[in-house]
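Peer 1: Let me begin by handing over the structure; questions about it come next.
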Amino acid sequence: MEQKLPLPPFNFETATQKVKMAEDAWNSKNPEKVSLAYTFDTEWRNRQLFINGRKEVKEFLTAKWEKELDYKLKKELWAFTENKIAVRFEYEWQNNSGQWFRSYGNENWEFDENGFMKKRFASINDLEINEKDRRLK
């Protein structure tokens, strides 16, 4: 059976590693690569959207990165238990009109026994910023 290391139960080191791996994958802006970290039947809530399964994840991410240009993300481990991780994050991006944004939020993740994320619940707020105020480059 395929596994996505590190596996639960998590400790501080493995939870931190999982967060860093997610940050790196999302910063690749590669929907196929990112979708492979999730179970086939993954459940997401992303803002007001409910997304189910890898196929929908890939479609969502493709549309996201077509709209959110020059995307750069930073994630931070907030808390963890045996198979759950909570993170805070911020990312910066610009729209096709050149307006920059910083998006802040929290995610709650739940993993299956093989290390794939089966649930992802994200709450996100957007703030318009000036390009000179960017922190993530």
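Ordered as shown in the structure tokens, chains take letters A, B, and onward, while each chain numbers its residues from 1 and ligands are numbered from 1 in the order shown.
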Give the strand (DSSP E or B) residues of region 36-92 of chain A, as DSSP finds them on the backbone, and put them as a VMD selection string.
Peer 2: chain A and resid 38 to 46 49 to 52 69 to 80 84 to 92
Peer 1: Residues of region 20-136 of chain A classed as helix (DSSP H, G or I) by DSSP on the backbone are to be reported as a ChimeraX atom specification.
Peer 2: /A:20-28,31-35,53-67,131-133
Peer 1: What does the distance from CA of Gly115 (chain A) to CA of Leu136 (chain A) come to in Å, to one decimal?
Peer 2: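 Result for CA of Gly115 (chain A) versus CA of Leu136 (chain A): 28.6 Å, one decimal.
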Peer 1: Identify, on the basis of only C-alpha atoms, every residue whose closest approach to region 14-16 of chain A does not exceed 12 Å; exclude the query and any residue fewer than 5 positions from it along the same chain; express the result as a ChimeraX atom specification.
Peer 2: /A:4-9,21-23,75-87,109-111,115
Peer 1: Take the residues just selected and output them with N, CA, C and O atoms as a short mmCIF file (atom, residue, chain, number, x, y, z; two decimals), in the first residue's frame.
Peer 2:
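Dumped to part.cif:
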data_model
loop_
_atom_site.label_atom_id
_atom_site.label_comp_id
_atom_site.auth_asym_id
_atom_site.auth_seq_id
_atom_site.Cartn_x
_atom_site.Cartn_y
_atom_site.Cartn_z
N LYS A 4 2.48 8.09 2.48
CA LYS A 4 2.98 9.46 2.36
C LYS A 4 3.63 9.80 3.70
O LYS A 4 2.97 10.17 4.66
N LEU A 5 4.94 9.61 3.76
CA LEU A 5 5.68 9.83 5.01
C LEU A 5 5.78 11.31 5.32
O LEU A 5 5.77 12.13 4.41
N PRO A 6 5.89 11.69 6.58
CA PRO A 6 5.85 10.84 7.77
C PRO A 6 4.41 10.42 8.10
O PRO A 6 3.45 11.09 7.74
N LEU A 7 4.32 9.30 8.80
CA LEU A 7 3.03 8.71 9.15
C LEU A 7 2.62 9.11 10.56
O LEU A 7 3.46 9.33 11.43
N PRO A 8 1.30 9.17 10.80
CA PRO A 8 0.85 9.33 12.18
C PRO A 8 1.13 8.03 12.95
O PRO A 8 1.25 6.98 12.32
N PRO A 9 1.24 8.12 14.26
CA PRO A 9 1.01 9.28 15.12
C PRO A 9 2.17 10.27 15.02
O PRO A 9 3.34 9.88 14.94
N MET A 21 6.54 20.10 4.24
CA MET A 21 6.29 19.42 2.96
C MET A 21 5.08 20.03 2.25
O MET A 21 5.11 20.22 1.03
N ALA A 22 4.04 20.34 3.01
CA ALA A 22 2.85 20.96 2.42
C ALA A 22 3.19 22.34 1.88
O ALA A 22 2.78 22.71 0.77
N GLU A 23 3.94 23.12 2.66
CA GLU A 23 4.34 24.46 2.20
C GLU A 23 5.12 24.37 0.89
O GLU A 23 4.82 25.10 -0.07
N LYS A 75 3.66 28.52 5.92
CA LYS A 75 2.84 27.80 6.89
C LYS A 75 3.61 27.65 8.19
O LYS A 75 4.84 27.57 8.18
N GLU A 76 2.88 27.59 9.30
CA GLU A 76 3.49 27.42 10.62
C GLU A 76 2.67 26.41 11.41
O GLU A 76 1.44 26.53 11.49
N LEU A 77 3.34 25.44 11.99
CA LEU A 77 2.68 24.47 12.85
C LEU A 77 2.08 25.19 14.04
O LEU A 77 2.75 25.99 14.70
N TRP A 78 0.81 24.92 14.32
CA TRP A 78 0.13 25.55 15.44
C TRP A 78 -0.08 24.53 16.56
O TRP A 78 0.18 24.82 17.72
N ALA A 79 -0.55 23.33 16.21
CA ALA A 79 -0.80 22.27 17.19
C ALA A 79 -0.91 20.94 16.45
O ALA A 79 -1.10 20.90 15.23
N PHE A 80 -0.82 19.84 17.21
CA PHE A 80 -0.97 18.52 16.61
C PHE A 80 -1.41 17.51 17.66
O PHE A 80 -1.22 17.72 18.85
N THR A 81 -2.02 16.44 17.17
CA THR A 81 -2.32 15.26 17.99
C THR A 81 -1.86 14.06 17.18
O THR A 81 -1.10 14.22 16.22
N GLU A 82 -2.34 12.89 17.51
CA GLU A 82 -1.87 11.68 16.85
C GLU A 82 -1.98 11.73 15.33
O GLU A 82 -1.03 11.45 14.63
N ASN A 83 -3.16 12.10 14.79
CA ASN A 83 -3.32 12.11 13.34
C ASN A 83 -3.91 13.43 12.81
O ASN A 83 -4.44 13.49 11.71
N LYS A 84 -3.81 14.48 13.63
CA LYS A 84 -4.34 15.79 13.23
C LYS A 84 -3.27 16.86 13.41
O LYS A 84 -2.48 16.80 14.35
N ILE A 85 -3.30 17.84 12.50
CA ILE A 85 -2.37 18.97 12.56
C ILE A 85 -3.16 20.24 12.30
O ILE A 85 -4.01 20.28 11.39
N ALA A 86 -2.87 21.28 13.07
CA ALA A 86 -3.45 22.62 12.84
C ALA A 86 -2.30 23.55 12.45
O ALA A 86 -1.23 23.51 13.05
N VAL A 87 -2.54 24.36 11.44
CA VAL A 87 -1.53 25.32 10.98
C VAL A 87 -2.15 26.70 10.85
O VAL A 87 -3.35 26.84 10.64
N TRP A 109 -6.12 19.78 9.66
CA TRP A 109 -5.88 18.62 8.81
C TRP A 109 -6.10 17.34 9.59
O TRP A 109 -5.70 17.24 10.76
N GLU A 110 -6.64 16.33 8.92
CA GLU A 110 -6.74 14.99 9.49
C GLU A 110 -6.16 13.99 8.49
O GLU A 110 -6.48 14.06 7.30
N PHE A 111 -5.32 13.08 8.97
CA PHE A 111 -4.61 12.14 8.12
C PHE A 111 -5.09 10.72 8.34
O PHE A 111 -5.48 10.34 9.45
N GLY A 115 -0.70 8.28 5.98
CA GLY A 115 -0.09 9.60 5.88
C GLY A 115 -0.71 10.54 4.87
O GLY A 115 -0.18 11.63 4.64
#
Peer 1: Write out as number ranges by chain which residues come within 12 Å of Ser123 (chain A) when counting only C-alpha atoms, dropping same-chain ones fewer than 3 positions away.
Peer 2: A: 44-49, 86-90, 103-108, 120, 126
Peer 1: Would you list the contacts of Arg134 (chain A) as a ChimeraX atom specification, taking every protein, DNA or RNA residue within 12 Å and counting only C-alpha atoms, but skipping same-chain residues closer than 6 positions in sequence?
Peer 2: /A:70-73,90-94,99-103,127-128
Peer 1: Could you take the residues named above and write them with C-alpha atoms, as a PDB file, in the first residue's frame?
Peer 2:
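Below is the file again-v6.pdb, written as the result:
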ATOM      1  CA  ASP A  70       2.961  35.247  -8.090  1.00  0.00           C
ATOM      2  CA  TYR A  71       1.646  33.112  -5.212  1.00  0.00           C
ATOM      3  CA  LYS A  72       4.004  32.641  -2.232  1.00  0.00           C
ATOM      4  CA  LEU A  73       2.963  30.765   0.926  1.00  0.00           C
ATOM      5  CA  GLU A  90      -0.253  33.531   5.157  1.00  0.00           C
ATOM      6  CA  TYR A  91       0.299  33.877   1.461  1.00  0.00           C
ATOM      7  CA  GLU A  92       0.702  36.751  -0.946  1.00  0.00           C
ATOM      8  CA  TRP A  93      -0.469  37.000  -4.510  1.00  0.00           C
ATOM      9  CA  GLN A  94      -1.625  39.485  -7.092  1.00  0.00           C
ATOM     10  CA  GLN A  99      -3.478  44.378  -7.023  1.00  0.00           C
ATOM     11  CA  TRP A 100      -1.528  42.567  -4.299  1.00  0.00           C
ATOM     12  CA  PHE A 101      -3.172  40.645  -1.466  1.00  0.00           C
ATOM     13  CA  ARG A 102      -2.084  38.931   1.711  1.00  0.00           C
ATOM     14  CA  SER A 103      -4.330  36.043   2.677  1.00  0.00           C
ATOM     15  CA  LEU A 127      -6.282  41.869   2.802  1.00  0.00           C
ATOM     16  CA  GLU A 128      -5.359  44.224  -0.035  1.00  0.00           C
TER      17      GLU A 128
END
Peer 1: Between A:Ala25, A:Val57, A:Leu69, A:Met117, which has the minimum distance to Asn96 (chain A) (counting only C-alpha atoms)?
Peer 2: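 Checking each of A:Ala25, A:Val57, A:Leu69, A:Met117 against Asn96 (chain A), counting only C-alpha atoms, the winner is A:Leu69.
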Peer 1: Would you mind telling me which residue in A:Phe12, A:Val19, A:Leu61, A:Glu113 lies nearest to Ser35 (chain A) when using only C-alpha atoms?
Peer 2: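 Among A:Phe12, A:Val19, A:Leu61, A:Glu113, it is A:Leu61 that comes nearest to Ser35 (chain A).
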Peer 1: Report the distance between CA of Asp112 (chain A) and CA of Glu68 (chain A) in Å, rounded to one decimal place.
Peer 2: 29.8 Å
Peer 1: Quick one, how far is CA of Ala37 (chain A) from CA of Gln3 (chain A)?
Peer 2: 9.5 Å
Peer 1: My list of candidates is A:Thr42, A:Asn125, A:Asn30, A:Asn130. Which is closest to Ala63 (chain A) when distances are computed with only C-alpha atoms?
Peer 2: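 Selected residue with least distance to Ala63 (chain A): A:Asn30.
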Peer 1: For Thr62 (chain A), work out the shell of residues within 10 Å, counting only C-alpha atoms and skipping chain neighbours fewer than 5 positions away, then give it as a PyMOL selection string.
Peer 2: chain A and resi 29-32+56-57+67
Peer 1: Export N, CA, C and O atoms of the chosen residues as a PDB file, in the first residue's frame?
Peer 2:
ATOM      1  N   LYS A  29       3.100  25.306  -6.952  1.00  0.00           N
ATOM      2  CA  LYS A  29       1.948  25.668  -7.784  1.00  0.00           C
ATOM      3  C   LYS A  29       1.659  24.597  -8.837  1.00  0.00           C
ATOM      4  O   LYS A  29       1.224  24.882  -9.937  1.00  0.00           O
ATOM      5  N   ASN A  30       1.900  23.342  -8.461  1.00  0.00           N
ATOM      6  CA  ASN A  30       1.674  22.202  -9.340  1.00  0.00           C
ATOM      7  C   ASN A  30       0.474  21.412  -8.810  1.00  0.00           C
ATOM      8  O   ASN A  30       0.617  20.629  -7.864  1.00  0.00           O
ATOM      9  N   PRO A  31      -0.717  21.607  -9.387  1.00  0.00           N
ATOM     10  CA  PRO A  31      -1.925  20.953  -8.868  1.00  0.00           C
ATOM     11  C   PRO A  31      -1.826  19.430  -8.804  1.00  0.00           C
ATOM     12  O   PRO A  31      -2.320  18.818  -7.863  1.00  0.00           O
ATOM     13  N   GLU A  32      -1.193  18.819  -9.770  1.00  0.00           N
ATOM     14  CA  GLU A  32      -1.047  17.358  -9.765  1.00  0.00           C
ATOM     15  C   GLU A  32      -0.199  16.915  -8.575  1.00  0.00           C
ATOM     16  O   GLU A  32      -0.593  16.018  -7.828  1.00  0.00           O
ATOM     17  N   GLU A  56     -11.407  16.895  -7.800  1.00  0.00           N
ATOM     18  CA  GLU A  56     -11.891  18.251  -7.510  1.00  0.00           C
ATOM     19  C   GLU A  56     -10.792  19.115  -6.907  1.00  0.00           C
ATOM     20  O   GLU A  56     -10.741  20.320  -7.165  1.00  0.00           O
ATOM     21  N   VAL A  57      -9.906  18.520  -6.100  1.00  0.00           N
ATOM     22  CA  VAL A  57      -8.772  19.271  -5.544  1.00  0.00           C
ATOM     23  C   VAL A  57      -7.913  19.811  -6.680  1.00  0.00           C
ATOM     24  O   VAL A  57      -7.551  20.988  -6.702  1.00  0.00           O
ATOM     25  N   LYS A  67      -5.700  32.360 -11.131  1.00  0.00           N
ATOM     26  CA  LYS A  67      -6.217  33.639 -10.634  1.00  0.00           C
ATOM     27  C   LYS A  67      -5.241  34.324  -9.682  1.00  0.00           C
ATOM     28  O   LYS A  67      -5.074  35.534  -9.709  1.00  0.00           O
TER      29      LYS A  67
END
Peer 1: Can you list, as a ChimeraX atom specification, every protein, DNA or RNA residue that comes within 9 Å of Phe40 (chain A) when you count only C-alpha atoms, leaving out same-chain residues fewer than 6 positions away?
Peer 2: /A:52-55,118
Peer 1: Pick out the closest residue to Trp65 (chain A) from this set: A:Tyr38, A:Lys119, A:Gly98, A:Trp26. Count only C-alpha atoms.
Peer 2: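 With only C-alpha atoms as the atom set, the closest residue is A:Trp26.
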